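As stored in query.txt (compact mmCIF, C-alpha atoms and all ligand atoms):
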```
# COMPACT_ATOMS: atom_id res chain seq x y z
CA MET O 18 97.40 159.32 126.67
CA LYS O 19 97.99 160.10 130.33
CA LYS O 20 96.03 163.12 131.48
CA THR O 21 97.67 166.01 133.32
CA TYR O 22 95.90 167.46 136.34
CA ILE O 23 96.93 170.94 137.49
CA LEU O 24 95.85 172.25 140.88
CA ALA O 25 95.78 176.06 140.64
CA ILE O 26 95.63 178.76 143.29
CA GLU O 27 94.64 182.41 142.70
CA SER O 28 94.63 185.10 145.42
CA SER O 29 95.91 188.24 143.67
CA CYS O 30 93.10 190.57 144.72
CA ASP O 31 89.85 189.88 146.59
CA GLU O 32 88.96 186.38 145.43
CA THR O 33 90.38 183.25 147.10
CA SER O 34 90.16 180.49 144.52
CA VAL O 35 91.39 176.94 143.95
CA SER O 36 90.71 174.84 140.85
CA ILE O 37 91.70 171.52 139.29
CA ILE O 38 92.02 171.57 135.50
CA CYS O 39 92.72 168.61 133.22
CA ASP O 40 94.96 169.08 130.14
CA GLY O 41 94.48 172.86 130.17
CA LYS O 42 90.90 172.72 128.97
CA GLU O 43 88.67 170.55 131.12
CA GLU O 44 87.44 171.92 134.42
CA ILE O 45 87.25 169.23 137.12
CA ALA O 46 86.32 171.51 140.03
CA THR O 47 86.63 175.18 140.96
CA VAL O 48 85.87 177.03 144.17
CA VAL O 49 85.84 180.84 144.25
CA LEU O 50 85.29 182.70 147.50
CA SER O 51 84.72 186.39 146.81
CA GLN O 52 85.30 189.09 149.42
CA MET O 53 83.39 191.62 147.34
CA ASP O 54 80.59 192.21 149.88
CA THR O 55 83.10 193.07 152.60
CA HIS O 56 85.07 195.51 150.40
CA ALA O 57 81.87 197.11 149.05
CA ASN O 58 81.42 198.64 152.52
CA PHE O 59 84.64 200.60 151.95
CA GLY O 60 84.01 201.57 148.30
CA GLY O 61 86.96 199.51 147.04
CA VAL O 62 89.37 196.69 147.94
CA VAL O 63 91.23 197.31 151.24
CA PRO O 64 94.53 195.42 150.81
CA GLU O 65 95.11 194.62 154.49
CA VAL O 66 91.56 193.29 154.91
CA ALA O 67 91.97 191.25 151.71
CA SER O 68 95.17 189.52 152.91
CA ARG O 69 93.63 188.66 156.27
CA MET O 70 90.56 187.16 154.62
CA HIS O 71 92.75 185.09 152.26
CA ILE O 72 94.50 183.63 155.33
CA GLU O 73 91.16 182.73 156.90
CA ASN O 74 89.79 181.17 153.71
CA ILE O 75 92.60 179.48 151.78
CA THR O 76 92.63 176.09 153.58
CA MET O 77 88.85 175.80 153.47
CA VAL O 78 88.73 176.67 149.74
CA LEU O 79 91.48 174.12 148.98
CA GLU O 80 89.72 171.34 150.91
CA GLU O 81 86.37 172.15 149.30
CA CYS O 82 87.90 172.02 145.81
CA LEU O 83 89.56 168.62 146.41
CA GLU O 84 86.31 167.29 147.83
CA LYS O 85 84.30 168.61 144.88
CA ALA O 86 86.78 167.01 142.46
CA ASN O 87 86.80 163.80 144.49
CA MET O 88 90.60 163.87 144.30
CA LYS O 89 93.54 163.86 146.69
CA MET O 90 96.70 165.97 146.50
CA GLU O 91 98.56 162.82 145.42
CA ASP O 92 96.42 162.73 142.24
CA VAL O 93 97.57 166.09 140.87
CA ASP O 94 100.63 166.45 138.63
CA ALA O 95 101.64 170.03 139.42
CA ILE O 96 100.65 173.17 141.31
CA ALA O 97 100.11 176.42 139.42
CA ILE O 98 100.20 179.68 141.33
CA THR O 99 99.51 183.32 140.44
CA TYR O 100 102.82 184.90 141.50
CA GLY O 101 101.80 188.40 140.27
CA PRO O 102 100.83 191.06 139.46
CA GLY O 103 98.39 192.01 142.18
CA LEU O 104 98.17 193.10 145.81
CA ILE O 105 101.38 191.90 147.41
CA GLY O 106 99.84 190.79 150.73
CA SER O 107 97.10 188.86 148.93
CA LEU O 108 99.52 187.22 146.49
CA LEU O 109 101.77 186.06 149.32
CA ILE O 110 99.01 184.01 150.99
CA GLY O 111 98.29 181.97 147.84
CA LEU O 112 102.01 181.61 147.14
CA GLN O 113 102.75 180.33 150.64
CA ALA O 114 99.95 177.77 150.33
CA ALA O 115 101.23 176.63 146.91
CA LYS O 116 104.83 176.32 148.09
CA THR O 117 103.77 174.37 151.19
CA LEU O 118 101.77 171.91 149.07
CA ALA O 119 104.57 171.58 146.49
CA TYR O 120 107.07 170.82 149.26
CA LEU O 121 104.82 168.45 151.22
CA TYR O 122 103.68 166.40 148.22
CA GLY O 123 106.81 166.75 146.07
CA LYS O 124 104.94 168.40 143.16
CA PRO O 125 106.39 170.83 140.60
CA LEU O 126 105.50 174.48 141.20
CA ILE O 127 104.42 176.46 138.10
CA PRO O 128 104.52 180.27 138.25
CA VAL O 129 101.65 181.89 136.30
CA HIS O 130 101.25 185.57 135.41
CA HIS O 131 97.75 186.75 136.32
CA ILE O 132 97.07 188.16 132.83
CA ALA O 133 98.15 184.90 131.17
CA GLY O 134 95.41 183.39 133.33
CA HIS O 135 92.77 185.85 132.09
CA ILE O 136 93.79 185.08 128.49
CA TYR O 137 93.60 181.30 129.04
CA ALA O 138 90.06 181.56 130.49
CA ASN O 139 89.22 181.39 126.77
CA ASN O 140 90.84 177.96 126.40
CA LEU O 141 88.16 176.62 128.75
CA VAL O 142 85.54 177.72 126.19
CA LYS O 143 87.29 176.42 123.09
CA PRO O 144 90.92 175.45 122.31
CA MET O 145 92.76 178.63 121.31
CA GLU O 146 93.84 178.86 117.67
CA PHE O 147 96.92 180.79 116.53
CA PRO O 148 97.94 183.38 115.59
CA LEU O 149 95.48 185.34 117.69
CA ILE O 150 95.02 188.75 119.20
CA SER O 151 93.88 189.12 122.77
CA LEU O 152 92.33 192.27 124.15
CA VAL O 153 92.90 192.24 127.91
CA VAL O 154 90.48 194.51 129.77
CA SER O 155 90.44 194.32 133.56
CA GLY O 156 90.51 196.44 136.69
CA GLY O 157 94.30 196.70 136.51
CA HIS O 158 95.14 196.16 132.82
CA THR O 159 94.22 197.23 129.31
CA GLU O 160 96.47 195.59 126.73
CA LEU O 161 96.50 194.33 123.18
CA ILE O 162 98.54 191.12 122.93
CA TYR O 163 99.64 189.20 119.82
CA MET O 164 100.16 185.45 120.31
CA LYS O 165 101.78 183.39 117.55
CA ASP O 166 101.58 180.24 119.66
CA HIS O 167 100.81 178.97 123.16
CA TYR O 168 102.53 180.97 125.85
CA SER O 169 104.05 183.51 123.49
CA PHE O 170 102.95 187.04 124.39
CA GLU O 171 103.87 190.08 122.29
CA LYS O 172 102.49 193.33 123.64
CA LEU O 173 101.23 195.61 120.86
CA GLY O 174 100.00 198.37 123.14
CA SER O 175 98.58 199.15 126.56
CA THR O 176 96.98 201.90 128.59
CA LEU O 177 99.14 204.92 129.32
CA ASP O 178 97.23 205.70 132.53
CA ASP O 179 94.03 204.18 133.97
CA ALA O 180 92.92 200.65 133.16
CA VAL O 181 89.49 200.49 131.60
CA GLY O 182 87.89 198.72 134.62
CA GLU O 183 89.39 201.36 136.89
CA ALA O 184 87.80 204.11 134.76
CA TYR O 185 84.44 202.28 134.96
CA ASP O 186 84.69 202.06 138.75
CA LYS O 187 85.58 205.77 139.09
CA VAL O 188 82.82 206.89 136.73
CA ALA O 189 80.40 204.68 138.69
CA ARG O 190 81.35 206.49 141.88
CA VAL O 191 80.65 209.88 140.26
CA LEU O 192 77.26 208.55 139.15
CA GLY O 193 76.55 207.52 142.76
CA LEU O 194 76.76 203.75 142.15
CA HIS O 195 78.33 201.35 144.63
CA TYR O 196 81.56 199.35 144.16
CA PRO O 197 82.36 197.59 141.87
CA GLY O 198 80.56 199.92 139.52
CA GLY O 199 81.52 198.42 136.15
CA PRO O 200 78.56 196.03 135.87
CA LEU O 201 76.13 198.75 137.06
CA VAL O 202 77.38 201.32 134.52
CA ASP O 203 77.02 198.62 131.83
CA LYS O 204 73.42 197.94 132.91
CA LEU O 205 72.50 201.65 133.04
CA ALA O 206 74.15 202.27 129.65
CA HIS O 207 71.63 199.88 128.10
CA GLU O 208 68.74 201.86 129.58
CA GLY O 209 69.97 205.27 128.38
CA LYS O 210 70.68 207.29 125.24
CA ASP O 211 73.99 208.68 124.03
CA THR O 212 73.22 212.38 124.64
CA TYR O 213 76.39 213.70 126.30
CA SER O 214 79.36 215.00 124.36
CA LEU O 215 82.46 213.13 125.53
CA PRO O 216 85.83 212.77 123.77
CA LEU O 217 86.90 209.57 121.99
CA PRO O 218 89.94 208.63 124.13
CA LEU O 219 93.40 208.55 122.44
CA ASP O 220 92.14 208.16 118.89
CA ASP O 221 95.58 207.88 117.25
CA ASP O 222 97.61 205.44 115.12
CA SER O 223 99.12 203.57 118.08
CA TYR O 224 97.74 200.49 119.85
CA ASN O 225 97.86 202.32 123.18
CA PHE O 226 94.88 203.46 125.23
CA SER O 227 94.18 206.26 127.69
CA PHE O 228 91.14 206.49 129.93
CA SER O 229 92.02 209.19 132.45
CA GLY O 230 90.83 211.97 130.06
CA ILE O 231 87.35 210.57 129.55
CA LYS O 232 87.08 209.79 133.27
CA SER O 233 87.94 213.46 134.06
CA ALA O 234 85.50 214.64 131.38
CA VAL O 235 82.69 212.70 133.11
CA ILE O 236 83.68 214.11 136.53
CA ASN O 237 83.86 217.71 135.22
CA LEU O 238 80.60 217.43 133.32
CA SER O 239 78.86 216.09 136.41
CA HIS O 240 80.26 218.87 138.67
CA ASN O 241 79.38 221.63 136.19
CA GLU O 242 75.82 220.41 135.79
CA HIS O 243 75.38 220.20 139.59
CA GLN O 244 76.72 223.75 140.00
CA ARG O 245 74.21 224.98 137.44
CA GLY O 246 71.49 223.19 139.36
CA ASN O 247 70.87 220.77 136.48
CA GLU O 248 70.12 217.10 137.03
CA ILE O 249 72.41 214.56 135.40
CA ILE O 250 70.53 211.90 133.44
CA THR O 251 72.59 209.07 134.88
CA GLU O 252 71.68 206.40 132.34
CA ASN O 253 72.44 208.76 129.43
CA LEU O 254 75.84 209.69 130.84
CA ALA O 255 76.59 205.98 131.41
CA CYS O 256 75.55 205.29 127.81
CA SER O 257 77.75 208.07 126.34
CA PHE O 258 80.74 206.96 128.44
CA GLN O 259 80.31 203.29 127.51
CA ASN O 260 79.84 204.07 123.80
CA ARG O 261 83.10 206.03 123.67
CA VAL O 262 85.04 203.34 125.57
CA VAL O 263 83.63 200.52 123.43
CA GLU O 264 84.30 202.48 120.25
CA ILE O 265 87.99 203.02 120.95
CA LEU O 266 88.59 199.47 122.24
CA THR O 267 86.92 197.90 119.20
CA LYS O 268 88.45 200.36 116.72
CA LYS O 269 92.06 199.69 117.77
CA THR O 270 91.53 195.94 118.17
CA MET O 271 89.94 195.54 114.72
CA ARG O 272 92.80 197.57 113.20
CA ALA O 273 95.36 195.31 114.92
CA LEU O 274 93.61 192.23 113.47
CA ARG O 275 93.70 193.71 109.96
CA GLU O 276 97.29 194.97 110.16
CA LYS O 277 98.60 191.69 111.62
CA ASN O 278 96.42 189.63 109.29
CA VAL O 279 94.98 187.66 112.21
CA LYS O 280 91.65 185.82 112.10
CA HIS O 281 91.16 184.93 115.79
CA LEU O 282 90.25 187.34 118.57
CA ILE O 283 89.85 186.60 122.26
CA ILE O 284 88.73 189.01 124.97
CA ALA O 285 90.02 188.62 128.53
CA GLY O 286 89.59 190.15 132.01
CA GLY O 287 86.77 191.48 134.16
CA VAL O 288 85.53 193.99 131.57
CA ALA O 289 85.10 191.11 129.08
CA ALA O 290 81.78 190.69 130.92
CA ASN O 291 80.64 194.04 129.49
CA LYS O 292 77.51 193.57 127.41
CA GLY O 293 78.13 196.60 125.20
CA LEU O 294 81.66 195.42 124.37
CA ARG O 295 80.53 191.84 123.62
CA GLU O 296 77.72 193.06 121.36
CA LYS O 297 79.93 195.45 119.37
CA PHE O 298 82.71 192.87 118.91
CA THR O 299 80.18 190.22 117.85
CA GLU O 300 78.81 192.58 115.19
CA LEU O 301 82.24 193.69 113.89
CA CYS O 302 83.77 190.20 113.89
CA GLU O 303 80.83 188.80 111.93
CA LYS O 304 81.27 191.55 109.36
CA GLU O 305 85.04 191.05 109.04
CA ASP O 306 85.00 187.25 109.26
CA ILE O 307 86.98 187.07 112.49
CA GLU O 308 86.45 184.22 114.94
CA LEU O 309 85.63 185.73 118.34
CA THR O 310 85.92 183.93 121.70
CA VAL O 311 84.86 185.44 125.01
CA PRO O 312 85.25 183.76 128.41
CA ALA O 313 82.26 182.35 130.26
CA MET O 314 80.77 185.12 132.43
CA LYS O 315 81.82 183.38 135.67
CA TYR O 316 85.45 183.27 134.44
CA CYS O 317 85.73 186.92 133.38
CA THR O 318 86.55 187.99 136.94
CA ASP O 319 89.36 186.45 138.99
CA ASN O 320 89.34 182.67 139.46
CA ALA O 321 91.80 179.77 139.67
CA ALA O 322 90.34 177.83 136.70
CA MET O 323 92.00 180.26 134.28
CA ILE O 324 95.31 179.91 136.20
CA GLY O 325 95.03 176.11 135.85
CA ALA O 326 94.46 176.42 132.09
CA ALA O 327 97.46 178.75 131.65
CA GLY O 328 99.46 176.65 134.13
CA TYR O 329 99.09 173.55 131.96
CA TYR O 330 100.75 175.23 128.96
CA ALA O 331 103.44 176.77 131.19
CA TYR O 332 104.04 173.25 132.57
CA LYS O 333 104.29 171.78 129.05
CA ILE O 334 106.99 174.29 128.00
CA GLY O 335 108.96 173.49 131.16
CA ARG O 336 108.25 176.51 133.35
CA ARG O 337 109.15 175.63 136.92
CA ALA O 338 109.83 177.56 140.10
CA ASP O 339 111.59 176.45 143.27
CA LEU O 340 110.70 177.35 146.83
CA SER O 341 112.51 180.70 146.52
CA LEU O 342 109.70 181.96 144.23
CA ASN O 343 108.45 185.35 145.42
CA SER O 344 105.26 187.28 144.69
CA LYS O 345 105.51 190.38 142.49
CA ALA O 346 103.12 193.32 142.74
CA THR O 347 104.06 194.29 139.17
CA ASP O 348 105.61 192.23 136.39
CA ARG O 349 105.44 192.18 132.63
CA LEU O 350 103.48 189.38 130.94
CA GLN O 351 105.85 186.53 130.08
O1 LIG Q 401 89.78 191.06 135.96
P1 LIG Q 401 89.18 191.61 137.20
O2 LIG Q 401 88.34 190.70 138.07
O3 LIG Q 401 90.27 192.19 138.15
C1 LIG Q 401 91.57 192.50 137.75
O4 LIG Q 401 92.37 191.57 137.51
O5 LIG Q 401 91.83 193.72 137.64
O6 LIG Q 401 88.32 192.88 136.75
C2 LIG Q 401 87.57 193.64 137.65
C3 LIG Q 401 87.09 194.88 136.90
C4 LIG Q 401 86.43 195.90 137.80
O7 LIG Q 401 86.98 197.16 137.51
C5 LIG Q 401 84.95 195.83 137.40
O8 LIG Q 401 84.25 197.04 137.58
C6 LIG Q 401 85.07 195.49 135.93
O9 LIG Q 401 86.12 194.53 135.88
N1 LIG Q 401 83.83 194.93 135.37
C7 LIG Q 401 83.11 195.53 134.39
C8 LIG Q 401 81.98 194.69 134.15
N2 LIG Q 401 82.07 193.61 134.98
C9 LIG Q 401 83.21 193.77 135.71
N3 LIG Q 401 83.32 196.66 133.73
C10 LIG Q 401 82.41 197.02 132.80
N4 LIG Q 401 81.32 196.28 132.51
C11 LIG Q 401 81.06 195.13 133.15
N5 LIG Q 401 79.97 194.40 132.86
ZN ZN Q 402 92.09 189.80 137.19
```
If you took the structure in this file and wrote it as structure tokens, what would it be?
Ligand code: KG4
Ligand code: ZN
Amino acid sequence: MKKTYILAIESSCDETSVSIICDGKEEIATVVLSQMDTHANFGGVVPEVASRMHIENITMVLEECLEKANMKMEDVDAIAITYGPGLIGSLLIGLQAAKTLAYLYGKPLIPVHHIAGHIYANNLVKPMEFPLISLVVSGGHTELIYMKDHYSFEKLGSTLDDAVGEAYDKVARVLGLHYPGGPLVDKLAHEGKDTYSLPLPLDDDSYNFSFSGIKSAVINLSHNEHQRGNEIITENLACSFQNRVVEILTKKTMRALREKNVKHLIIAGGVAANKGLREKFTELCEKEDIELTVPAMKYCTDNAAMIGAAGYYAYKIGRRADLSLNSKATDRLQ
């Protein structure tokens, strides 16, 4: 059967990335250029700086990817592009590049939602099996999604305030760790003990989450201890915070699997790299006979390979955009 090659572009935040994916599952080549070191100087992503760096890098990243794949633009079947959600200035650079290529080479343009991309990073590990539940945990999203088939997304619940990655980054700042703090809090958590009393966030019957309360609890606890002249045991506070976050994420996800009678679970997004979360899900899924898939570490954070995997299934169901396609800073998963 003829193979389908999707060239994908991702530029929604601070990574400029281009990838070529075959049939939604085989990675031919991927290039990711991260701006993380630049933004770390500012303690977070500076949108204007991010857009300017995407402009400087996009052509080089595209050329490097084609060279790595040993392919020409003429060899690809379609172009997949992250149209949103994300930083609007950053999104527009990738979109303009994708539209220019689609026009120049007469290729179909496939619009891909960024979160669909994170979910499909799992298809690069192992073909997804349905029905499944996906827990999406990133810097901008925390959602439980039910999928009865490819490209069918039913939202069961989401965060009511902060995304889990955002809470990690803010807690990291309070603990004096540099940006992005998520991986550092995760590392510290494994060196500490759960000695601090923190609330279990939004422990109710819904599938929604809330992380602003626990974030504030960490901030208040830290300020109070400083005022009393007491030292914070950083690794213990990281451990207590991580334990509470992992407990609520796993508790609601496992309940969703039981209530929906689903046997496949996939984790998606930057926080899918979290060691504590992976360990707890591995243990619970083994116990409850659930098949768990997690993305490769390098594809937890933003990259175009996941957009190429999602783009293939969007292409197969006939999703197309014309040159009037615009970027969207916010948009529901569809
Ligand atoms: O998916 P992503 O690259 O960006 C969005 O689409 O939002 O996720 C980035 C987020 C950051 O908040 C980062 O701190 C967090 O993922 N993160 C982690 C870990 N690795 C990355 N959070 C907790 N533990 C980790 N190991
Ligand atoms: Zn992302």
inquiry  = Around ligand ZN 402 (chain Q), out to 6 Å and counting all atoms listed in the file, which residues are there? I want them as number ranges by chain.
reply    = O: 286, 318-319
Per residue of stretch 176-200 of chain O within 9 Å of stretch 254-260 of chain O, record the nearest atom pair and its distance in Å to one decimal, counting all atoms listed in the file, with rows in chain order and ascending residue number, as CSV.
```
residue,atom,partner,partner_atom,distance
O:Tyr185,CA,O:Gln259,CA,8.6
O:Val188,CA,O:Ala255,CA,8.2
O:Ala189,CA,O:Ala255,CA,8.3
O:Leu192,CA,O:Ala255,CA,8.2
```
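For the pair atom CA of O:Ser34 and atom CA of O:Leu121, the interatomic distance is 20.1 Å.
Atom pair atom CA of O:Lys345 / atom CA of O:Gly101 has a distance of 4.8 Å (rounded to one decimal).
Minimum distance to O:His131 across O:Leu104, O:Met77, O:Ile236, O:Ile231 (counting only C-alpha atoms) occurs at O:Leu104.
Of the listed residues O:Asn247, O:Ser169, O:Ser233, O:Asn320, the one whose atoms come nearest to ligand LIG 401 (chain Q) is O:Asn320, with distances taken using all atoms listed in the file.
Between O:Glu183 and the residues O:Val142, O:Leu217, O:Val288, O:Val263, the shortest atom-to-atom distance, using only C-alpha atoms, involves O:Val288.
Residue nearest O:Ser107 within the list O:Lys172, O:His71, O:Lys124, O:His240: O:His71 [criterion: smallest interatomic distance, only C-alpha atoms].
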query = So which residues are near ligand LIG 401 (chain Q), meaning at most 9 Å away with all atoms listed in the file counted, given back as a VMD selection string?
reply = chain O and resid 29 to 32 102 to 103 131 to 132 135 153 to 158 180 to 187 189 196 to 204 259 285 to 294 314 316 to 320
message = For a quick check of understanding, using all atoms listed in the file, which of O:Lys315, O:Lys304, O:Lys268, O:His167 has the smallest distance to O:Asp220?
response = O:Lys268
inquiry  = Please return as number ranges by chain every residue within 9 Å of (89.7, 200.1, 123.4), taking into account only C-alpha atoms and the file's own coordinates.
reply    = O: 152, 154, 159-161, 181, 218, 224-227, 261-270
Kindly export the residues of the current selection with C-alpha atoms, as an mmCIF file, keeping the file's coordinate frame.
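Below you can see part26.cif, which holds the result:
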```
data_model
loop_
_atom_site.group_PDB
_atom_site.id
_atom_site.type_symbol
_atom_site.label_atom_id
_atom_site.label_comp_id
_atom_site.auth_asym_id
_atom_site.auth_seq_id
_atom_site.Cartn_x
_atom_site.Cartn_y
_atom_site.Cartn_z
ATOM 1 C CA LEU O 152 92.330 192.270 124.150
ATOM 2 C CA VAL O 154 90.480 194.510 129.770
ATOM 3 C CA THR O 159 94.220 197.230 129.310
ATOM 4 C CA GLU O 160 96.470 195.590 126.730
ATOM 5 C CA LEU O 161 96.500 194.330 123.180
ATOM 6 C CA VAL O 181 89.490 200.490 131.600
ATOM 7 C CA PRO O 218 89.940 208.630 124.130
ATOM 8 C CA TYR O 224 97.740 200.490 119.850
ATOM 9 C CA ASN O 225 97.860 202.320 123.180
ATOM 10 C CA PHE O 226 94.880 203.460 125.230
ATOM 11 C CA SER O 227 94.180 206.260 127.690
ATOM 12 C CA ARG O 261 83.100 206.030 123.670
ATOM 13 C CA VAL O 262 85.040 203.340 125.570
ATOM 14 C CA VAL O 263 83.630 200.520 123.430
ATOM 15 C CA GLU O 264 84.300 202.480 120.250
ATOM 16 C CA ILE O 265 87.990 203.020 120.950
ATOM 17 C CA LEU O 266 88.590 199.470 122.240
ATOM 18 C CA THR O 267 86.920 197.900 119.200
ATOM 19 C CA LYS O 268 88.450 200.360 116.720
ATOM 20 C CA LYS O 269 92.060 199.690 117.770
ATOM 21 C CA THR O 270 91.530 195.940 118.170
#
```
task = Determine, counting all atoms listed in the file, every residue of protein, DNA or RNA that lies within 6 Å of (86.6, 173.9, 144.5) in the file coordinates, then give the result as a ChimeraX atom specification.
result = /O:35-36,46-48,81-82,85
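Note that the spacing between atom CA of O:Asn343 and atom CA of O:Ile136 amounts to 22.4 Å.
Using only C-alpha atoms, the protein and nucleic acid residues lying no more than 7 Å from O:Ala322, apart from those fewer than 2 places from it along its own chain, are O:Ala25, O:Ser36, O:Ile37, O:Ile38, O:Glu44, O:Thr47, O:Asn320, O:Ile324, O:Gly325, O:Ala326.
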request  = Tell me, as JSON, numbers by chain, which residues lie within 9 Å of O:Leu309, counting all atoms listed in the file; anything in the same chain fewer than 5 positions away does not count.
outcome  = {"O": [280, 281, 282, 283, 284, 298, 299, 302, 303]}
Would you output that residue set with C-alpha atoms, as a PDB file, keeping the file's coordinate frame?
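Generated file (part29.pdb):
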```pdb
ATOM      1  CA  LYS O 280      91.650 185.820 112.100  1.00  0.00           C
ATOM      2  CA  HIS O 281      91.160 184.930 115.790  1.00  0.00           C
ATOM      3  CA  LEU O 282      90.250 187.340 118.570  1.00  0.00           C
ATOM      4  CA  ILE O 283      89.850 186.600 122.260  1.00  0.00           C
ATOM      5  CA  ILE O 284      88.730 189.010 124.970  1.00  0.00           C
ATOM      6  CA  PHE O 298      82.710 192.870 118.910  1.00  0.00           C
ATOM      7  CA  THR O 299      80.180 190.220 117.850  1.00  0.00           C
ATOM      8  CA  CYS O 302      83.770 190.200 113.890  1.00  0.00           C
ATOM      9  CA  GLU O 303      80.830 188.800 111.930  1.00  0.00           C
TER      10      GLU O 303
END
```
ask   = Using only C-alpha atoms, which residues sit within 10 Å of O:Ala327 once same-chain residues fewer than 3 positions away are excluded, as an NGL selection string?
value = :O and (23 or 25 or 38 or 41-42 or 97 or 127-141 or 167-168 or 321-324 or 330-332)
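Minimum atom-to-atom distances from O:Tyr100, O:Phe59, O:Phe147, O:Tyr22 to O:Val279 were compared using all atoms listed in the file, and the lowest value belongs to O:Phe147.
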Around all the atoms of stretch 35-50 of chain O listed in the file, with 5 Å of room on each side, what axis-aligned box do you get, giving centre and edge lengths in Å to one decimal, as lines of an AutoDock Vina configuration file?
```
center_x = 90.1
center_y = 175.7
center_z = 138.2
size_x = 19.7
size_y = 24.1
size_z = 28.5
```
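Near O:Val63, within 12 Å and counting only C-alpha atoms, sit O:Cys30, O:Asp31, O:Gln52, O:Met53, O:Asp54, O:Thr55, O:His56, O:Ala57, O:Asn58, O:Ser68, O:Arg69, O:Met70, O:Leu104, O:Gly106, O:Ser107, not including residues fewer than 5 positions from it in the same chain.
Contact shell of O:Lys277 at 10 Å (only C-alpha atoms; same-chain neighbours under 6 positions omitted): O:Pro148, O:Leu149, O:Ile150, O:Tyr163, O:Met271.
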